[in-house]
Amino acid sequence: MTGVPSGPFVHPALFYGDEDEYLAGTVPFVQEALDAGEPVAVAVPGENLRLIRAALGAGAGSVRLLDMREAGRNPGRILPGVLLAFADAQPPGRRVRIVGEPVWAGRTAAEYPACVQHEALINAAFRGREVTVLCPYNTTRLDTRAVADAYATHPTYLTAGSSAPRTSSAYAPEAVLAHYDRPLPPAPGLPVAFDVGSLPAARHLATDAAARFGLTGSRLDDLALAVAELTTNSVVHGGGSGTVEVWAEDGQVLCEVRDKGCLTDPLAGRRPALRDRSGGRGLLLVNLVADLVRVHTAPSGTTIRCWFAV
């Protein structure tokens, strides 16, 4: 996309209204990367991925193509599992380009706040790096809140026919993070308290409940891993104790862990694991295995809720 600046990190929103505008905004961006020998990835919903693949023709074979409905079903997984994973794997000294579309019509009310938080955190995760992440937004299918949030999470934006990105006067990613860090709705059941001495019993109770609600096989293993990581974090970093609760809702099994700790790093769980460091992977693992993770943290304590499809 001619006109996107070549400074360090660049993060424009692309506002489009139909397929023609979508392809006009994304395909030249990808083609310019290919012409320049720059690594490029496209992570968008499957129906849009097919459009871009077809428009690129033979060039699609040189692009990392990912269906965001699968790779980014949990927005907390997109940074460590898609964007940073791709950028970190490239040779140093080369600009990396990515088309990432984490917000689409059909995202649930539970998913949407995590999507906006992800978009805000991209700016901190890539600050100072030679990376351009272009984020398309469908203005005809998304509501006005999603469009307004896009202006707040992207320092620049492009519209149909734009020759260069414009500065967003509404850009305020820290305010967005604070706005969406709200208490989660109360869980419906009875929480199980745990401390270091009762961790195994609490974990067994949680996984047994998930099995009764219909979670089986690898999905039950994923929930067991999430519960183990979160309860361990509570004991080690969250005041030594906490509560865990499991319930079923709308065809999914949810687990929630609460403790008295406070997450001070907004990128916790959203960075790829460091090879030379064994600790600090708990929340990352949870983001990688769960279908959705929502976090609320405050000086009084932290709540982490995870969703697993049955």
# chains A, B, ... in the order shown; residues from 1 in each chain; ligands from 1
>>> residues_around(residues="Leu34 in chain A", least_positions_apart="2", cutoff="10 Å", atoms="only C-alpha atoms", output="list in words")
Pro28, Phe29, Val30, Gln31, Glu32, Ala36, Gly37, Glu38, Pro39, Val40, Gly59, Ala60, Ser62, Val63 and Arg97 of chain A
>>> write_last_selection(atoms="N, CA and C atoms", output="PDB file, in the first residue's frame")
ATOM      1  N   PRO A  28      -2.416  -4.643  -2.615  1.00  0.00           N
ATOM      2  CA  PRO A  28      -1.196  -3.877  -2.913  1.00  0.00           C
ATOM      3  C   PRO A  28      -0.212  -3.852  -1.745  1.00  0.00           C
ATOM      4  N   PHE A  29      -0.722  -3.819  -0.530  1.00  0.00           N
ATOM      5  CA  PHE A  29       0.124  -3.859   0.665  1.00  0.00           C
ATOM      6  C   PHE A  29       0.960  -5.138   0.679  1.00  0.00           C
ATOM      7  N   VAL A  30       0.307  -6.265   0.395  1.00  0.00           N
ATOM      8  CA  VAL A  30       1.015  -7.553   0.369  1.00  0.00           C
ATOM      9  C   VAL A  30       1.962  -7.620  -0.819  1.00  0.00           C
ATOM     10  N   GLN A  31       1.499  -7.153  -1.981  1.00  0.00           N
ATOM     11  CA  GLN A  31       2.326  -7.238  -3.186  1.00  0.00           C
ATOM     12  C   GLN A  31       3.578  -6.389  -3.060  1.00  0.00           C
ATOM     13  N   GLU A  32       3.463  -5.218  -2.442  1.00  0.00           N
ATOM     14  CA  GLU A  32       4.644  -4.374  -2.240  1.00  0.00           C
ATOM     15  C   GLU A  32       5.672  -5.074  -1.355  1.00  0.00           C
ATOM     16  N   ALA A  36       9.444  -6.168  -2.559  1.00  0.00           N
ATOM     17  CA  ALA A  36      10.610  -5.685  -1.812  1.00  0.00           C
ATOM     18  C   ALA A  36      11.371  -6.802  -1.112  1.00  0.00           C
ATOM     19  N   GLY A  37      10.889  -8.029  -1.229  1.00  0.00           N
ATOM     20  CA  GLY A  37      11.534  -9.141  -0.548  1.00  0.00           C
ATOM     21  C   GLY A  37      11.315  -9.135   0.949  1.00  0.00           C
ATOM     22  N   GLU A  38      10.205  -8.510   1.404  1.00  0.00           N
ATOM     23  CA  GLU A  38       9.912  -8.440   2.831  1.00  0.00           C
ATOM     24  C   GLU A  38       9.010  -9.600   3.241  1.00  0.00           C
ATOM     25  N   PRO A  39       9.252 -10.198   4.394  1.00  0.00           N
ATOM     26  CA  PRO A  39       8.351 -11.247   4.882  1.00  0.00           C
ATOM     27  C   PRO A  39       6.959 -10.668   5.120  1.00  0.00           C
ATOM     28  N   VAL A  40       5.934 -11.415   4.718  1.00  0.00           N
ATOM     29  CA  VAL A  40       4.576 -10.900   4.850  1.00  0.00           C
ATOM     30  C   VAL A  40       3.644 -12.039   5.239  1.00  0.00           C
ATOM     31  N   GLY A  59       1.570 -15.559  -6.341  1.00  0.00           N
ATOM     32  CA  GLY A  59       2.285 -14.901  -5.255  1.00  0.00           C
ATOM     33  C   GLY A  59       1.838 -15.347  -3.882  1.00  0.00           C
ATOM     34  N   ALA A  60       0.641 -15.946  -3.797  1.00  0.00           N
ATOM     35  CA  ALA A  60       0.137 -16.384  -2.495  1.00  0.00           C
ATOM     36  C   ALA A  60       1.042 -17.432  -1.861  1.00  0.00           C
ATOM     37  N   SER A  62       4.102 -17.351  -1.480  1.00  0.00           N
ATOM     38  CA  SER A  62       5.194 -16.720  -0.730  1.00  0.00           C
ATOM     39  C   SER A  62       4.700 -15.960   0.495  1.00  0.00           C
ATOM     40  N   VAL A  63       3.414 -16.092   0.805  1.00  0.00           N
ATOM     41  CA  VAL A  63       2.804 -15.370   1.910  1.00  0.00           C
ATOM     42  C   VAL A  63       2.373 -16.372   2.974  1.00  0.00           C
ATOM     43  N   ARG A  97       5.777  -7.250   7.258  1.00  0.00           N
ATOM     44  CA  ARG A  97       4.422  -6.735   7.051  1.00  0.00           C
ATOM     45  C   ARG A  97       3.415  -7.820   7.404  1.00  0.00           C
TER      46      ARG A  97
END
>>> residues_around(residues="range 48-56 of chain A", least_positions_apart="5", cutoff="7 Å", atoms="only C-alpha atoms", output="ChimeraX atom specification")
/A:23,27,67
>>> write_last_selection(atoms="C-alpha atoms", output="short mmCIF file (atom, residue, chain, number, x, y, z; two decimals), in the first residue's frame")
data_model
loop_
_atom_site.label_atom_id
_atom_site.label_comp_id
_atom_site.auth_asym_id
_atom_site.auth_seq_id
_atom_site.Cartn_x
_atom_site.Cartn_y
_atom_site.Cartn_z
CA LEU A 23 -8.86 -6.02 -1.92
CA VAL A 27 -3.51 -6.77 -1.92
CA ASP A 67 -7.47 -18.12 9.05
#
>>> closest_residue(among="A:Arg129, A:Arg69, A:Arg203, A:Arg182", to="Leu84 in chain A", atoms="only C-alpha atoms")
A:Arg129
>>> residues_around(residues="Tyr112 in chain A", least_positions_apart="5", cutoff="10 Å", atoms="only C-alpha atoms", output="tab-separated table (two decimals) with N, CA, C and O atoms, in the first residue's frame")
chain	number	residue	atom	x	y	z
A	75	PRO	N	-8.60	-13.87	21.25
A	75	PRO	CA	-7.77	-12.70	20.93
A	75	PRO	C	-6.46	-12.65	21.71
A	75	PRO	O	-5.47	-12.11	21.22
A	102	PRO	N	-8.56	-8.96	13.51
A	102	PRO	CA	-9.08	-9.66	14.68
A	102	PRO	C	-10.54	-9.35	15.01
A	102	PRO	O	-11.14	-10.03	15.82
A	103	VAL	N	-11.11	-8.31	14.38
A	103	VAL	CA	-12.48	-7.89	14.69
A	103	VAL	C	-13.33	-8.09	13.45
A	103	VAL	O	-13.05	-7.50	12.39
A	104	TRP	N	-14.37	-8.90	13.58
A	104	TRP	CA	-15.29	-9.12	12.46
A	104	TRP	C	-16.71	-9.24	13.01
A	104	TRP	O	-16.91	-9.51	14.20
A	106	GLY	N	-19.90	-10.82	14.12
A	106	GLY	CA	-20.09	-12.16	14.64
A	106	GLY	C	-19.25	-12.45	15.87
A	106	GLY	O	-19.48	-13.45	16.55
A	107	ARG	N	-18.26	-11.62	16.16
A	107	ARG	CA	-17.56	-11.74	17.43
A	107	ARG	C	-18.60	-11.57	18.55
A	107	ARG	O	-19.44	-10.68	18.51
A	117	GLN	N	-8.70	-4.90	23.45
A	117	GLN	CA	-7.48	-4.89	24.26
A	117	GLN	C	-6.29	-5.38	23.44
A	117	GLN	O	-5.20	-4.81	23.53
A	118	HIS	N	-6.50	-6.41	22.64
A	118	HIS	CA	-5.42	-6.90	21.77
A	118	HIS	C	-4.94	-5.80	20.83
A	118	HIS	O	-3.73	-5.57	20.68
A	146	ALA	N	-17.33	-0.44	17.38
A	146	ALA	CA	-16.12	-1.09	16.88
A	146	ALA	C	-15.30	-0.12	16.03
A	146	ALA	O	-14.06	-0.11	16.11
A	180	TYR	N	-11.79	-1.11	29.11
A	180	TYR	CA	-12.27	-2.48	28.97
A	180	TYR	C	-11.79	-3.41	30.08
A	180	TYR	O	-12.13	-4.60	30.07
>>> select_by_dssp(residues="range 97-305 of chain A", states="helix (DSSP H, G or I)", output="MDAnalysis selection string")
chainID A and resid 111:125 144:153 173:180 199:212 217:237 282:289
>>> select_by_dssp(residues="range 43-287 of chain A", states="strand (DSSP E)", output="PyMOL selection string")
chain A and resi 43-44+64-67+96-100+131-138+156-158+166-167+192-195+241-249+252-259
>>> residues_around(residues="Thr207 in chain A", least_positions_apart="4", cutoff="9 Å", atoms="only C-alpha atoms", output="list in words")
Ala202, Arg203, Ala211, Arg212, Leu215, Leu220, Asp221, Leu223, Ala224, Val227 and Val246 of chain A
>>> write_last_selection(atoms="N, CA and C atoms", output="PDB file, in the first residue's frame")
ATOM      1  N   ALA A 202      -8.378 -29.093  44.712  1.00  0.00           N
ATOM      2  CA  ALA A 202      -9.147 -28.089  43.975  1.00  0.00           C
ATOM      3  C   ALA A 202      -9.093 -28.355  42.473  1.00  0.00           C
ATOM      4  N   ARG A 203      -7.930 -28.745  41.980  1.00  0.00           N
ATOM      5  CA  ARG A 203      -7.797 -29.032  40.557  1.00  0.00           C
ATOM      6  C   ARG A 203      -8.649 -30.232  40.159  1.00  0.00           C
ATOM      7  N   ALA A 211     -15.757 -32.333  33.277  1.00  0.00           N
ATOM      8  CA  ALA A 211     -16.137 -33.593  32.636  1.00  0.00           C
ATOM      9  C   ALA A 211     -17.637 -33.823  32.751  1.00  0.00           C
ATOM     10  N   ARG A 212     -18.221 -33.505  33.885  1.00  0.00           N
ATOM     11  CA  ARG A 212     -19.673 -33.663  34.038  1.00  0.00           C
ATOM     12  C   ARG A 212     -20.438 -32.746  33.096  1.00  0.00           C
ATOM     13  N   LEU A 215     -17.097 -31.819  28.786  1.00  0.00           N
ATOM     14  CA  LEU A 215     -15.774 -31.635  28.194  1.00  0.00           C
ATOM     15  C   LEU A 215     -15.026 -32.973  28.242  1.00  0.00           C
ATOM     16  N   LEU A 220     -10.644 -31.469  27.581  1.00  0.00           N
ATOM     17  CA  LEU A 220     -10.595 -31.603  29.026  1.00  0.00           C
ATOM     18  C   LEU A 220      -9.156 -31.454  29.524  1.00  0.00           C
ATOM     19  N   ASP A 221      -8.215 -32.000  28.760  1.00  0.00           N
ATOM     20  CA  ASP A 221      -6.798 -31.834  29.119  1.00  0.00           C
ATOM     21  C   ASP A 221      -6.398 -30.356  29.087  1.00  0.00           C
ATOM     22  N   LEU A 223      -8.359 -27.746  29.612  1.00  0.00           N
ATOM     23  CA  LEU A 223      -8.904 -27.069  30.783  1.00  0.00           C
ATOM     24  C   LEU A 223      -8.108 -27.435  32.037  1.00  0.00           C
ATOM     25  N   ALA A 224      -7.720 -28.693  32.153  1.00  0.00           N
ATOM     26  CA  ALA A 224      -6.930 -29.110  33.316  1.00  0.00           C
ATOM     27  C   ALA A 224      -5.607 -28.351  33.365  1.00  0.00           C
ATOM     28  N   VAL A 227      -6.352 -24.704  34.483  1.00  0.00           N
ATOM     29  CA  VAL A 227      -6.612 -24.636  35.923  1.00  0.00           C
ATOM     30  C   VAL A 227      -5.317 -24.800  36.710  1.00  0.00           C
ATOM     31  N   VAL A 246     -16.041 -23.717  38.087  1.00  0.00           N
ATOM     32  CA  VAL A 246     -16.295 -24.263  36.750  1.00  0.00           C
ATOM     33  C   VAL A 246     -17.798 -24.359  36.544  1.00  0.00           C
TER      34      VAL A 246
END
>>> residues_around(residues="Cys135 in chain A", least_positions_apart="5", cutoff="8 Å", atoms="only C-alpha atoms", output="list in words")
His11, Pro12, Ala13, Leu14, Val99, Gly100, Glu101 and Pro102 of chain A
>>> closest_residue(among="A:Phe194, A:Gly251, A:Glu130, A:Leu65", to="Pro91 in chain A", atoms="only C-alpha atoms")
A:Glu130
>>> atom_distance(atom1="CA of Asp88 in chain A", atom2="CA of Ala125 in chain A")
11.6 Å
>>> closest_residue(among="A:Asp250, A:Glu119, A:Asp20, A:Glu256", to="Val133 in chain A", atoms="only C-alpha atoms")
A:Glu119
>>> decode(residues="range 139-151 of chain A", atoms="all heavy atoms", output="PDB file, in the first residue's frame")
ATOM      1  N   THR A 139     -16.738  -1.433   7.724  1.00  0.00           N
ATOM      2  CA  THR A 139     -17.603  -0.372   8.244  1.00  0.00           C
ATOM      3  C   THR A 139     -19.080  -0.604   7.964  1.00  0.00           C
ATOM      4  O   THR A 139     -19.937   0.043   8.574  1.00  0.00           O
ATOM      5  CB  THR A 139     -17.204   0.994   7.661  1.00  0.00           C
ATOM      6  OG1 THR A 139     -17.235   0.925   6.226  1.00  0.00           O
ATOM      7  CG2 THR A 139     -15.811   1.382   8.118  1.00  0.00           C
ATOM      8  N   THR A 140     -19.412  -1.509   7.048  1.00  0.00           N
ATOM      9  CA  THR A 140     -20.818  -1.782   6.753  1.00  0.00           C
ATOM     10  C   THR A 140     -21.390  -2.880   7.648  1.00  0.00           C
ATOM     11  O   THR A 140     -22.611  -2.979   7.796  1.00  0.00           O
ATOM     12  CB  THR A 140     -21.016  -2.190   5.282  1.00  0.00           C
ATOM     13  OG1 THR A 140     -20.274  -3.385   5.011  1.00  0.00           O
ATOM     14  CG2 THR A 140     -20.567  -1.084   4.359  1.00  0.00           C
ATOM     15  N   ARG A 141     -20.538  -3.691   8.253  1.00  0.00           N
ATOM     16  CA  ARG A 141     -21.027  -4.802   9.074  1.00  0.00           C
ATOM     17  C   ARG A 141     -20.725  -4.638  10.556  1.00  0.00           C
ATOM     18  O   ARG A 141     -21.408  -5.234  11.397  1.00  0.00           O
ATOM     19  CB  ARG A 141     -20.441  -6.123   8.570  1.00  0.00           C
ATOM     20  CG  ARG A 141     -20.788  -6.436   7.107  1.00  0.00           C
ATOM     21  CD  ARG A 141     -20.511  -7.884   6.794  1.00  0.00           C
ATOM     22  NE  ARG A 141     -21.349  -8.761   7.599  1.00  0.00           N
ATOM     23  CZ  ARG A 141     -21.118 -10.072   7.747  1.00  0.00           C
ATOM     24  NH1 ARG A 141     -20.065 -10.626   7.186  1.00  0.00           N
ATOM     25  NH2 ARG A 141     -21.916 -10.812   8.492  1.00  0.00           N
ATOM     26  N   LEU A 142     -19.726  -3.863  10.895  1.00  0.00           N
ATOM     27  CA  LEU A 142     -19.403  -3.638  12.299  1.00  0.00           C
ATOM     28  C   LEU A 142     -20.207  -2.464  12.841  1.00  0.00           C
ATOM     29  O   LEU A 142     -20.557  -1.541  12.090  1.00  0.00           O
ATOM     30  CB  LEU A 142     -17.912  -3.359  12.462  1.00  0.00           C
ATOM     31  CG  LEU A 142     -16.976  -4.518  12.128  1.00  0.00           C
ATOM     32  CD1 LEU A 142     -15.524  -4.036  12.113  1.00  0.00           C
ATOM     33  CD2 LEU A 142     -17.149  -5.666  13.109  1.00  0.00           C
ATOM     34  N   ASP A 143     -20.480  -2.471  14.148  1.00  0.00           N
ATOM     35  CA  ASP A 143     -21.252  -1.365  14.717  1.00  0.00           C
ATOM     36  C   ASP A 143     -20.358  -0.152  14.956  1.00  0.00           C
ATOM     37  O   ASP A 143     -19.138  -0.213  14.823  1.00  0.00           O
ATOM     38  CB  ASP A 143     -21.983  -1.794  16.000  1.00  0.00           C
ATOM     39  CG  ASP A 143     -21.038  -2.275  17.092  1.00  0.00           C
ATOM     40  OD1 ASP A 143     -19.869  -1.851  17.117  1.00  0.00           O
ATOM     41  OD2 ASP A 143     -21.477  -3.080  17.935  1.00  0.00           O
ATOM     42  N   THR A 144     -20.987   0.951  15.305  1.00  0.00           N
ATOM     43  CA  THR A 144     -20.249   2.203  15.455  1.00  0.00           C
ATOM     44  C   THR A 144     -19.237   2.140  16.595  1.00  0.00           C
ATOM     45  O   THR A 144     -18.209   2.806  16.548  1.00  0.00           O
ATOM     46  CB  THR A 144     -21.224   3.369  15.712  1.00  0.00           C
ATOM     47  OG1 THR A 144     -22.046   3.064  16.840  1.00  0.00           O
ATOM     48  CG2 THR A 144     -22.113   3.595  14.497  1.00  0.00           C
ATOM     49  N   ARG A 145     -19.527   1.332  17.629  1.00  0.00           N
ATOM     50  CA  ARG A 145     -18.564   1.188  18.729  1.00  0.00           C
ATOM     51  C   ARG A 145     -17.265   0.593  18.232  1.00  0.00           C
ATOM     52  O   ARG A 145     -16.171   1.059  18.593  1.00  0.00           O
ATOM     53  CB  ARG A 145     -19.152   0.304  19.830  1.00  0.00           C
ATOM     54  CG  ARG A 145     -18.181   0.028  20.972  1.00  0.00           C
ATOM     55  CD  ARG A 145     -18.732  -0.954  21.982  1.00  0.00           C
ATOM     56  NE  ARG A 145     -18.984  -2.261  21.400  1.00  0.00           N
ATOM     57  CZ  ARG A 145     -19.207  -3.366  22.115  1.00  0.00           C
ATOM     58  NH1 ARG A 145     -19.228  -3.298  23.447  1.00  0.00           N
ATOM     59  NH2 ARG A 145     -19.440  -4.515  21.522  1.00  0.00           N
ATOM     60  N   ALA A 146     -17.326  -0.442  17.381  1.00  0.00           N
ATOM     61  CA  ALA A 146     -16.121  -1.088  16.878  1.00  0.00           C
ATOM     62  C   ALA A 146     -15.297  -0.125  16.029  1.00  0.00           C
ATOM     63  O   ALA A 146     -14.059  -0.106  16.112  1.00  0.00           O
ATOM     64  CB  ALA A 146     -16.483  -2.326  16.070  1.00  0.00           C
ATOM     65  N   VAL A 147     -15.963   0.675  15.225  1.00  0.00           N
ATOM     66  CA  VAL A 147     -15.249   1.647  14.397  1.00  0.00           C
ATOM     67  C   VAL A 147     -14.596   2.712  15.276  1.00  0.00           C
ATOM     68  O   VAL A 147     -13.433   3.092  15.067  1.00  0.00           O
ATOM     69  CB  VAL A 147     -16.207   2.279  13.375  1.00  0.00           C
ATOM     70  CG1 VAL A 147     -15.506   3.391  12.601  1.00  0.00           C
ATOM     71  CG2 VAL A 147     -16.728   1.211  12.402  1.00  0.00           C
ATOM     72  N   ALA A 148     -15.322   3.197  16.270  1.00  0.00           N
ATOM     73  CA  ALA A 148     -14.754   4.199  17.175  1.00  0.00           C
ATOM     74  C   ALA A 148     -13.549   3.641  17.928  1.00  0.00           C
ATOM     75  O   ALA A 148     -12.535   4.327  18.099  1.00  0.00           O
ATOM     76  CB  ALA A 148     -15.820   4.673  18.156  1.00  0.00           C
ATOM     77  N   ASP A 149     -13.654   2.390  18.379  1.00  0.00           N
ATOM     78  CA  ASP A 149     -12.528   1.773  19.072  1.00  0.00           C
ATOM     79  C   ASP A 149     -11.322   1.601  18.156  1.00  0.00           C
ATOM     80  O   ASP A 149     -10.169   1.673  18.606  1.00  0.00           O
ATOM     81  CB  ASP A 149     -12.942   0.421  19.657  1.00  0.00           C
ATOM     82  CG  ASP A 149     -13.808   0.546  20.896  1.00  0.00           C
ATOM     83  OD1 ASP A 149     -13.758   1.600  21.549  1.00  0.00           O
ATOM     84  OD2 ASP A 149     -14.539  -0.420  21.214  1.00  0.00           O
ATOM     85  N   ALA A 150     -11.571   1.370  16.867  1.00  0.00           N
ATOM     86  CA  ALA A 150     -10.458   1.246  15.920  1.00  0.00           C
ATOM     87  C   ALA A 150      -9.683   2.554  15.812  1.00  0.00           C
ATOM     88  O   ALA A 150      -8.446   2.556  15.753  1.00  0.00           O
ATOM     89  CB  ALA A 150     -10.975   0.825  14.547  1.00  0.00           C
ATOM     90  N   TYR A 151     -10.380   3.660  15.789  1.00  0.00           N
ATOM     91  CA  TYR A 151      -9.695   4.960  15.769  1.00  0.00           C
ATOM     92  C   TYR A 151      -8.875   5.162  17.053  1.00  0.00           C
ATOM     93  O   TYR A 151      -7.818   5.803  17.022  1.00  0.00           O
ATOM     94  CB  TYR A 151     -10.716   6.097  15.649  1.00  0.00           C
ATOM     95  CG  TYR A 151     -11.251   6.324  14.255  1.00  0.00           C
ATOM     96  CD1 TYR A 151     -12.558   5.988  13.928  1.00  0.00           C
ATOM     97  CD2 TYR A 151     -10.449   6.890  13.273  1.00  0.00           C
ATOM     98  CE1 TYR A 151     -13.060   6.196  12.650  1.00  0.00           C
ATOM     99  CE2 TYR A 151     -10.934   7.109  11.985  1.00  0.00           C
ATOM    100  CZ  TYR A 151     -12.240   6.756  11.680  1.00  0.00           C
ATOM    101  OH  TYR A 151     -12.731   6.956  10.408  1.00  0.00           O
TER     102      TYR A 151
END
